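Chemist: Structure supplied as input28.txt; contents: compact mmCIF, N, CA and C atoms.
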```txt
# COMPACT_ATOMS: atom_id res chain seq x y z
N MET D 1 0.82 -1.19 0.00
CA MET D 1 0.00 0.00 0.00
C MET D 1 0.87 1.26 0.00
N ARG D 2 1.99 1.17 0.71
CA ARG D 2 2.89 2.32 0.79
C ARG D 2 3.42 2.70 -0.59
N ALA D 3 3.74 1.68 -1.39
CA ALA D 3 4.25 1.94 -2.74
C ALA D 3 3.18 2.61 -3.61
N LYS D 4 1.93 2.20 -3.46
CA LYS D 4 0.84 2.81 -4.24
C LYS D 4 0.65 4.27 -3.87
N ILE D 5 0.74 4.57 -2.59
CA ILE D 5 0.58 5.96 -2.14
C ILE D 5 1.75 6.80 -2.67
N SER D 6 2.95 6.26 -2.57
CA SER D 6 4.13 6.98 -3.07
C SER D 6 4.01 7.24 -4.57
N TYR D 7 3.56 6.24 -5.31
CA TYR D 7 3.41 6.39 -6.75
C TYR D 7 2.35 7.45 -7.07
N ALA D 8 1.24 7.41 -6.35
CA ALA D 8 0.16 8.38 -6.59
C ALA D 8 0.62 9.80 -6.27
N VAL D 9 1.34 9.97 -5.18
CA VAL D 9 1.83 11.31 -4.81
C VAL D 9 2.83 11.80 -5.85
N THR D 10 3.75 10.94 -6.25
CA THR D 10 4.73 11.32 -7.26
C THR D 10 4.05 11.67 -8.59
N ALA D 11 3.08 10.87 -8.98
CA ALA D 11 2.36 11.15 -10.23
C ALA D 11 1.62 12.48 -10.14
N ALA D 12 1.00 12.76 -9.01
CA ALA D 12 0.27 14.02 -8.84
C ALA D 12 1.22 15.21 -8.90
N VAL D 13 2.37 15.09 -8.26
CA VAL D 13 3.37 16.17 -8.30
C VAL D 13 3.84 16.38 -9.73
N LEU D 14 4.08 15.30 -10.45
CA LEU D 14 4.50 15.42 -11.84
C LEU D 14 3.44 16.11 -12.70
N VAL D 15 2.19 15.76 -12.51
CA VAL D 15 1.12 16.38 -13.29
C VAL D 15 1.06 17.88 -13.00
N VAL D 16 1.17 18.26 -11.73
CA VAL D 16 1.19 19.69 -11.39
C VAL D 16 2.37 20.37 -12.08
N TYR D 17 3.53 19.73 -12.03
CA TYR D 17 4.71 20.28 -12.69
C TYR D 17 4.47 20.43 -14.19
N PHE D 18 3.88 19.41 -14.82
CA PHE D 18 3.62 19.46 -16.25
C PHE D 18 2.66 20.61 -16.59
N VAL D 19 1.67 20.84 -15.75
CA VAL D 19 0.72 21.94 -15.97
C VAL D 19 1.45 23.28 -15.87
N LEU D 20 2.29 23.42 -14.86
CA LEU D 20 3.04 24.68 -14.70
C LEU D 20 3.97 24.93 -15.89
N VAL D 21 4.70 23.90 -16.30
CA VAL D 21 5.60 24.05 -17.44
C VAL D 21 4.80 24.32 -18.71
N GLY D 22 3.70 23.63 -18.88
CA GLY D 22 2.86 23.85 -20.05
C GLY D 22 2.30 25.27 -20.11
N SER D 23 1.92 25.80 -18.95
CA SER D 23 1.41 27.17 -18.94
C SER D 23 2.51 28.17 -19.33
N ARG D 24 3.72 27.89 -18.90
CA ARG D 24 4.84 28.76 -19.30
C ARG D 24 5.09 28.66 -20.81
N GLY D 25 4.95 27.48 -21.34
CA GLY D 25 5.10 27.30 -22.78
C GLY D 25 4.06 28.08 -23.55
N LEU D 26 2.82 28.04 -23.06
CA LEU D 26 1.74 28.80 -23.72
C LEU D 26 1.99 30.31 -23.61
N MET D 27 2.51 30.75 -22.48
CA MET D 27 2.81 32.17 -22.32
C MET D 27 3.89 32.61 -23.32
N LEU D 28 4.88 31.75 -23.51
CA LEU D 28 5.92 32.07 -24.48
C LEU D 28 5.34 32.14 -25.90
N ILE D 29 4.46 31.22 -26.22
CA ILE D 29 3.85 31.22 -27.56
C ILE D 29 2.99 32.48 -27.75
N GLN D 30 2.27 32.88 -26.71
CA GLN D 30 1.41 34.06 -26.80
C GLN D 30 2.20 35.35 -26.96
N ALA D 31 3.47 35.34 -26.57
CA ALA D 31 4.29 36.54 -26.74
C ALA D 31 4.43 36.88 -28.22
N GLY D 32 4.40 35.87 -29.08
CA GLY D 32 4.28 36.10 -30.51
C GLY D 32 5.54 36.32 -31.32
N THR D 33 6.68 36.44 -30.70
CA THR D 33 7.89 36.60 -31.52
C THR D 33 8.37 35.24 -31.97
N LEU D 34 9.19 35.22 -33.00
CA LEU D 34 9.68 33.96 -33.54
C LEU D 34 10.44 33.16 -32.48
N LEU D 35 11.28 33.85 -31.73
CA LEU D 35 12.09 33.18 -30.72
C LEU D 35 11.23 32.63 -29.58
N THR D 36 10.28 33.42 -29.08
CA THR D 36 9.45 32.95 -27.97
C THR D 36 8.50 31.83 -28.40
N VAL D 37 8.03 31.88 -29.62
CA VAL D 37 7.16 30.80 -30.13
C VAL D 37 7.97 29.51 -30.23
N ALA D 38 9.19 29.60 -30.73
CA ALA D 38 10.05 28.41 -30.83
C ALA D 38 10.33 27.83 -29.45
N PHE D 39 10.68 28.69 -28.49
CA PHE D 39 10.93 28.22 -27.13
C PHE D 39 9.64 27.67 -26.50
N GLY D 40 8.52 28.30 -26.77
CA GLY D 40 7.25 27.84 -26.23
C GLY D 40 6.89 26.46 -26.71
N VAL D 41 7.09 26.21 -27.99
CA VAL D 41 6.83 24.88 -28.54
C VAL D 41 7.77 23.85 -27.91
N ALA D 42 9.04 24.22 -27.78
CA ALA D 42 10.02 23.31 -27.17
C ALA D 42 9.64 23.01 -25.72
N VAL D 43 9.19 24.02 -25.00
CA VAL D 43 8.80 23.83 -23.61
C VAL D 43 7.55 22.96 -23.51
N LEU D 44 6.64 23.06 -24.47
CA LEU D 44 5.42 22.23 -24.45
C LEU D 44 5.73 20.77 -24.75
N ILE D 45 6.78 20.51 -25.48
CA ILE D 45 7.12 19.13 -25.83
C ILE D 45 7.53 18.34 -24.58
N LEU D 46 8.26 18.99 -23.66
CA LEU D 46 8.72 18.29 -22.46
C LEU D 46 7.58 17.73 -21.61
N PRO D 47 6.54 18.51 -21.29
CA PRO D 47 5.44 17.91 -20.53
C PRO D 47 4.71 16.80 -21.29
N LEU D 48 4.63 16.93 -22.60
CA LEU D 48 3.97 15.87 -23.39
C LEU D 48 4.75 14.56 -23.30
N ILE D 49 6.07 14.65 -23.39
CA ILE D 49 6.90 13.45 -23.24
C ILE D 49 6.75 12.89 -21.83
N GLY D 50 6.75 13.78 -20.84
CA GLY D 50 6.58 13.34 -19.45
C GLY D 50 5.24 12.67 -19.21
N LEU D 51 4.17 13.25 -19.76
CA LEU D 51 2.84 12.64 -19.61
C LEU D 51 2.77 11.28 -20.28
N TRP D 52 3.37 11.18 -21.46
CA TRP D 52 3.40 9.88 -22.15
C TRP D 52 4.14 8.85 -21.31
N PHE D 53 5.30 9.23 -20.78
CA PHE D 53 6.09 8.33 -19.95
C PHE D 53 5.32 7.90 -18.70
N LEU D 54 4.67 8.86 -18.05
CA LEU D 54 3.88 8.56 -16.85
C LEU D 54 2.72 7.63 -17.20
N TRP D 55 2.06 7.87 -18.33
CA TRP D 55 0.94 7.02 -18.76
C TRP D 55 1.42 5.58 -19.02
N LYS D 56 2.53 5.43 -19.75
CA LYS D 56 3.04 4.09 -20.07
C LYS D 56 3.42 3.34 -18.79
N ASN D 57 4.05 4.02 -17.85
CA ASN D 57 4.42 3.36 -16.60
C ASN D 57 3.21 2.99 -15.76
N THR D 58 2.21 3.86 -15.75
CA THR D 58 1.00 3.57 -15.00
C THR D 58 0.26 2.37 -15.60
N GLU D 59 0.21 2.32 -16.92
CA GLU D 59 -0.41 1.17 -17.59
C GLU D 59 0.35 -0.12 -17.28
N PHE D 60 1.67 -0.06 -17.31
CA PHE D 60 2.50 -1.23 -17.01
C PHE D 60 2.21 -1.73 -15.59
N VAL D 61 2.19 -0.83 -14.64
CA VAL D 61 1.94 -1.21 -13.24
C VAL D 61 0.54 -1.78 -13.08
N ARG D 62 -0.44 -1.16 -13.74
CA ARG D 62 -1.82 -1.64 -13.65
C ARG D 62 -1.95 -3.06 -14.20
N LYS D 63 -1.34 -3.30 -15.35
CA LYS D 63 -1.40 -4.63 -15.96
C LYS D 63 -0.64 -5.66 -15.14
N ALA D 64 0.51 -5.29 -14.60
CA ALA D 64 1.28 -6.22 -13.77
C ALA D 64 0.51 -6.56 -12.50
N ASN D 65 -0.13 -5.58 -11.89
CA ASN D 65 -0.94 -5.84 -10.70
C ASN D 65 -2.13 -6.73 -11.02
N LYS D 66 -2.70 -6.57 -12.20
CA LYS D 66 -3.82 -7.42 -12.62
C LYS D 66 -3.36 -8.87 -12.76
N LEU D 67 -2.17 -9.06 -13.35
CA LEU D 67 -1.62 -10.42 -13.46
C LEU D 67 -1.34 -11.00 -12.08
N ALA D 68 -0.80 -10.17 -11.18
CA ALA D 68 -0.51 -10.64 -9.82
C ALA D 68 -1.79 -11.09 -9.12
N ALA D 69 -2.86 -10.32 -9.28
CA ALA D 69 -4.14 -10.69 -8.66
C ALA D 69 -4.67 -11.99 -9.24
N GLU D 70 -4.55 -12.14 -10.55
CA GLU D 70 -5.02 -13.37 -11.19
C GLU D 70 -4.20 -14.58 -10.74
N LEU D 71 -2.90 -14.41 -10.67
CA LEU D 71 -2.03 -15.50 -10.23
C LEU D 71 -2.27 -15.83 -8.76
N ASP D 72 -2.54 -14.80 -7.97
CA ASP D 72 -2.83 -15.02 -6.55
C ASP D 72 -4.13 -15.80 -6.39
N ALA D 73 -5.14 -15.48 -7.21
CA ALA D 73 -6.42 -16.20 -7.14
C ALA D 73 -6.25 -17.67 -7.51
N GLU D 74 -5.28 -17.95 -8.38
CA GLU D 74 -4.99 -19.34 -8.77
C GLU D 74 -4.09 -20.04 -7.75
N GLY D 75 -3.55 -19.28 -6.82
CA GLY D 75 -2.61 -19.85 -5.84
C GLY D 75 -1.22 -20.06 -6.44
N GLY D 76 -0.88 -19.29 -7.48
CA GLY D 76 0.39 -19.50 -8.17
C GLY D 76 1.46 -18.46 -7.92
N LEU D 77 1.21 -17.53 -6.98
CA LEU D 77 2.24 -16.54 -6.69
C LEU D 77 3.44 -17.24 -6.05
N PRO D 78 4.66 -16.82 -6.39
CA PRO D 78 5.82 -17.46 -5.79
C PRO D 78 5.91 -17.15 -4.29
N VAL D 79 6.30 -18.15 -3.54
CA VAL D 79 6.47 -18.00 -2.10
C VAL D 79 7.83 -17.34 -1.86
N ASP D 80 7.88 -16.43 -0.91
CA ASP D 80 9.15 -15.78 -0.58
C ASP D 80 10.01 -16.75 0.22
N GLU D 81 10.95 -17.37 -0.48
CA GLU D 81 11.82 -18.35 0.15
C GLU D 81 13.27 -17.86 0.22
N LEU D 82 13.44 -16.57 0.07
CA LEU D 82 14.77 -15.99 0.02
C LEU D 82 15.35 -15.78 1.40
N LYS D 83 16.64 -16.06 1.52
CA LYS D 83 17.35 -15.77 2.76
C LYS D 83 17.70 -14.29 2.75
N ARG D 84 17.72 -13.73 3.94
CA ARG D 84 18.01 -12.30 4.06
C ARG D 84 19.15 -12.07 5.04
N THR D 85 19.84 -10.97 4.82
CA THR D 85 20.91 -10.58 5.74
C THR D 85 20.26 -10.01 7.00
N PRO D 86 21.02 -9.82 8.07
CA PRO D 86 20.43 -9.24 9.28
C PRO D 86 19.80 -7.86 9.05
N SER D 87 20.29 -7.13 8.06
CA SER D 87 19.71 -5.82 7.77
C SER D 87 18.43 -5.92 6.94
N GLY D 88 18.09 -7.12 6.44
CA GLY D 88 16.86 -7.32 5.69
C GLY D 88 17.06 -7.41 4.19
N ARG D 89 18.27 -7.20 3.72
CA ARG D 89 18.53 -7.30 2.28
C ARG D 89 18.54 -8.76 1.85
N ILE D 90 18.15 -8.98 0.61
CA ILE D 90 18.10 -10.33 0.06
C ILE D 90 19.52 -10.84 -0.14
N ASP D 91 19.77 -12.07 0.31
CA ASP D 91 21.07 -12.71 0.12
C ASP D 91 21.25 -13.03 -1.36
N ARG D 92 22.36 -12.60 -1.91
CA ARG D 92 22.62 -12.73 -3.35
C ARG D 92 22.61 -14.19 -3.80
N ASP D 93 23.25 -15.08 -3.04
CA ASP D 93 23.29 -16.50 -3.42
C ASP D 93 21.90 -17.12 -3.42
N SER D 94 21.10 -16.73 -2.44
CA SER D 94 19.73 -17.23 -2.36
C SER D 94 18.92 -16.76 -3.57
N ALA D 95 19.08 -15.49 -3.93
CA ALA D 95 18.37 -14.94 -5.10
C ALA D 95 18.81 -15.64 -6.37
N ASP D 96 20.11 -15.90 -6.49
CA ASP D 96 20.61 -16.60 -7.68
C ASP D 96 20.06 -18.02 -7.77
N GLU D 97 19.94 -18.69 -6.64
CA GLU D 97 19.40 -20.06 -6.62
C GLU D 97 17.94 -20.08 -7.07
N VAL D 98 17.14 -19.17 -6.54
CA VAL D 98 15.73 -19.09 -6.93
C VAL D 98 15.62 -18.68 -8.39
N PHE D 99 16.48 -17.75 -8.82
CA PHE D 99 16.46 -17.31 -10.21
C PHE D 99 16.73 -18.48 -11.16
N ALA D 100 17.70 -19.33 -10.83
CA ALA D 100 18.03 -20.48 -11.69
C ALA D 100 16.81 -21.39 -11.85
N ARG D 101 16.07 -21.60 -10.77
CA ARG D 101 14.86 -22.44 -10.86
C ARG D 101 13.79 -21.78 -11.71
N ARG D 102 13.60 -20.48 -11.54
CA ARG D 102 12.58 -19.77 -12.32
C ARG D 102 12.95 -19.71 -13.80
N LYS D 103 14.23 -19.57 -14.08
CA LYS D 103 14.66 -19.54 -15.47
C LYS D 103 14.42 -20.90 -16.13
N ALA D 104 14.74 -21.98 -15.41
CA ALA D 104 14.49 -23.33 -15.95
C ALA D 104 12.99 -23.55 -16.17
N GLU D 105 12.19 -23.08 -15.24
CA GLU D 105 10.73 -23.20 -15.37
C GLU D 105 10.24 -22.47 -16.62
N THR D 106 10.80 -21.30 -16.87
CA THR D 106 10.40 -20.51 -18.04
C THR D 106 10.88 -21.16 -19.32
N GLU D 107 12.07 -21.73 -19.31
CA GLU D 107 12.58 -22.42 -20.49
C GLU D 107 11.75 -23.65 -20.82
N ASP D 108 11.20 -24.31 -19.79
CA ASP D 108 10.34 -25.48 -20.00
C ASP D 108 8.97 -25.10 -20.54
N ALA D 109 8.51 -23.89 -20.19
CA ALA D 109 7.19 -23.44 -20.65
C ALA D 109 7.30 -21.99 -21.14
N PRO D 110 7.92 -21.78 -22.30
CA PRO D 110 8.17 -20.41 -22.76
C PRO D 110 6.91 -19.63 -23.16
N ASP D 111 5.80 -20.30 -23.34
CA ASP D 111 4.57 -19.60 -23.73
C ASP D 111 3.60 -19.42 -22.57
N ASP D 112 4.05 -19.72 -21.36
CA ASP D 112 3.20 -19.59 -20.17
C ASP D 112 3.49 -18.26 -19.48
N TRP D 113 2.49 -17.39 -19.45
CA TRP D 113 2.69 -16.08 -18.84
C TRP D 113 3.02 -16.19 -17.35
N ARG D 114 2.53 -17.24 -16.70
CA ARG D 114 2.77 -17.42 -15.26
C ARG D 114 4.25 -17.61 -14.97
N SER D 115 4.92 -18.40 -15.80
CA SER D 115 6.36 -18.63 -15.58
C SER D 115 7.14 -17.34 -15.84
N TRP D 116 6.72 -16.55 -16.83
CA TRP D 116 7.39 -15.28 -17.10
C TRP D 116 7.16 -14.30 -15.95
N PHE D 117 5.98 -14.32 -15.35
CA PHE D 117 5.70 -13.46 -14.21
C PHE D 117 6.63 -13.82 -13.05
N ARG D 118 6.73 -15.12 -12.76
CA ARG D 118 7.61 -15.56 -11.66
C ARG D 118 9.08 -15.27 -11.97
N LEU D 119 9.46 -15.37 -13.23
CA LEU D 119 10.83 -15.02 -13.63
C LEU D 119 11.08 -13.53 -13.42
N ALA D 120 10.10 -12.70 -13.71
CA ALA D 120 10.25 -11.26 -13.48
C ALA D 120 10.48 -10.97 -12.00
N ILE D 121 9.77 -11.67 -11.14
CA ILE D 121 9.97 -11.51 -9.69
C ILE D 121 11.39 -11.93 -9.32
N ALA D 122 11.86 -13.03 -9.89
CA ALA D 122 13.21 -13.51 -9.59
C ALA D 122 14.27 -12.51 -10.08
N TYR D 123 14.07 -11.95 -11.26
CA TYR D 123 14.99 -10.92 -11.75
C TYR D 123 15.00 -9.74 -10.78
N HIS D 124 13.83 -9.32 -10.34
CA HIS D 124 13.74 -8.19 -9.42
C HIS D 124 14.48 -8.49 -8.12
N ASP D 125 14.28 -9.69 -7.60
CA ASP D 125 14.95 -10.08 -6.36
C ASP D 125 16.47 -10.13 -6.53
N ALA D 126 16.91 -10.45 -7.75
CA ALA D 126 18.34 -10.50 -8.04
C ALA D 126 18.88 -9.11 -8.41
N ARG D 127 18.06 -8.09 -8.26
CA ARG D 127 18.40 -6.69 -8.52
C ARG D 127 18.75 -6.41 -9.98
N ASP D 128 18.07 -7.10 -10.88
CA ASP D 128 18.24 -6.86 -12.31
C ASP D 128 16.94 -6.27 -12.84
N THR D 129 16.73 -5.00 -12.56
CA THR D 129 15.47 -4.34 -12.87
C THR D 129 15.15 -4.29 -14.36
N PRO D 130 16.11 -3.98 -15.24
CA PRO D 130 15.76 -3.95 -16.67
C PRO D 130 15.24 -5.30 -17.18
N ARG D 131 15.88 -6.37 -16.79
CA ARG D 131 15.40 -7.70 -17.23
C ARG D 131 14.10 -8.08 -16.54
N ALA D 132 13.91 -7.63 -15.31
CA ALA D 132 12.65 -7.88 -14.61
C ALA D 132 11.50 -7.22 -15.37
N ARG D 133 11.74 -6.00 -15.81
CA ARG D 133 10.71 -5.27 -16.55
C ARG D 133 10.41 -5.95 -17.89
N LYS D 134 11.45 -6.39 -18.60
CA LYS D 134 11.24 -7.08 -19.88
C LYS D 134 10.50 -8.40 -19.69
N ALA D 135 10.84 -9.13 -18.64
CA ALA D 135 10.14 -10.39 -18.37
C ALA D 135 8.67 -10.13 -18.03
N MET D 136 8.41 -9.07 -17.27
CA MET D 136 7.02 -8.74 -16.94
C MET D 136 6.27 -8.30 -18.19
N GLN D 137 6.92 -7.54 -19.05
CA GLN D 137 6.28 -7.14 -20.31
C GLN D 137 5.94 -8.37 -21.15
N ARG D 138 6.83 -9.35 -21.14
CA ARG D 138 6.58 -10.59 -21.87
C ARG D 138 5.38 -11.32 -21.27
N ALA D 139 5.31 -11.37 -19.93
CA ALA D 139 4.17 -12.01 -19.27
C ALA D 139 2.87 -11.31 -19.62
N ILE D 140 2.89 -9.99 -19.63
CA ILE D 140 1.69 -9.22 -19.97
C ILE D 140 1.27 -9.51 -21.42
N ALA D 141 2.25 -9.50 -22.33
CA ALA D 141 1.93 -9.75 -23.74
C ALA D 141 1.37 -11.16 -23.93
N LEU D 142 1.96 -12.15 -23.28
CA LEU D 142 1.46 -13.52 -23.42
C LEU D 142 0.05 -13.64 -22.86
N ARG D 143 -0.22 -12.98 -21.74
CA ARG D 143 -1.56 -13.05 -21.15
C ARG D 143 -2.59 -12.37 -22.05
N GLU D 144 -2.21 -11.25 -22.65
CA GLU D 144 -3.15 -10.54 -23.51
C GLU D 144 -3.44 -11.32 -24.79
N THR D 145 -2.48 -12.06 -25.31
CA THR D 145 -2.74 -12.86 -26.52
C THR D 145 -3.53 -14.12 -26.18
N ALA D 146 -3.46 -14.57 -24.93
CA ALA D 146 -4.19 -15.77 -24.53
C ALA D 146 -5.68 -15.49 -24.34
N ARG D 147 -6.03 -14.24 -24.21
CA ARG D 147 -7.44 -13.90 -23.95
C ARG D 147 -8.23 -13.94 -25.19
```
Translate this structure into structure tokens?
Modeler:
Amino acid sequence: MRAKISYAVTAAVLVVYFVLVGSRGLMLIQAGTLLTVAFGVAVLILPLIGLWFLWKNTEFVRKANKLAAELDAEGGLPVDELKRTPSGRIDRDSADEVFARRKAETEDAPDDWRSWFRLAIAYHDARDTPRARKAMQRAIALRETAR
């Protein structure tokens, strides 16, 4: 729940920022000179890129949460079996061991979105965020084509 609140607050702050920047861009365009219109258009592009990025990330999180809920209803969410250090961090060897099992599971069933979802969790636990995101995107794509 804490992560959802943090995400919502961050998204709200970004939207306010985009509105402020966008209003400055419009003010520059309204000034009417060639230079201010050019700067105004450039300033308007930044909030548009930011809004697109925020939208894509929100959609990704929404779809991943939907898969997690579906997998949880099936009883297929991975159990947290990772060893942790006294400070609470995941033990690297433990994460690597779980990752090896999840990777083998995915290789055995490459068209199963559930195995890709669990592999994404294993990548995340192993602190490989880019691959975790790609694996989750693969799980989402496989689930959407299965429908």
Chemist: Which one is closest to Leu46 of chain D: D:Arg101, D:Ala64, D:Leu28, D:Gly22? Count all atoms listed in the file.
Modeler: D:Gly22
Chemist: I need the residues in segment 8-143 of chain D that are helix (DSSP H, G or I) according to DSSP; give them as a VMD selection string.
Modeler: chain D and resid 8 to 31 34 to 74 92 to 108 113 to 125 129 to 143
Chemist: How many Å separate atom CA of Asp125 of chain D from atom C of Thr145 of chain D?
Modeler: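 These two atoms are separated by 27.4 Å.
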Chemist: Rounded to one decimal, what separation in Å do you get between atom N of Tyr123 of chain D and atom CA of Ala69 of chain D?
Modeler: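 If I compute the distance from atom N of Tyr123 of chain D to atom CA of Ala69 of chain D, I get 18.4 Å.
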Chemist: Using only N, CA and C atoms, can you tell me which of D:Ala126, D:Val37, D:Ile29, D:Val15 comes closest to Leu51 of chain D?
Modeler: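 Between D:Ala126, D:Val37, D:Ile29, D:Val15, the residue approaching Leu51 of chain D most closely is D:Val15.
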Chemist: If you count all atoms listed in the file, which residues fall within 7 Å of segment 104-112 of chain D, apart from same-chain ones fewer than 3 positions away, as a list in words?
Modeler: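 Residues near the query, excluding close chain neighbours: Phe99, Ala100, Arg101, Ser115, Trp116, Phe117, Ala139, Leu142 and Arg143 of chain D.
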Chemist: Can you tell me how far atom C of Trp113 of chain D sits from atom N of Lys134 of chain D, in Å to one decimal?
Modeler: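 About the pair atom C of Trp113 of chain D and atom N of Lys134 of chain D: they are 13.0 Å apart.
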Chemist: Measuring between all atoms listed in the file, which one of D:Arg138, D:Phe18, D:Arg102, D:Ala95 shows the shortest distance to Pro47 of chain D?
Modeler: D:Phe18
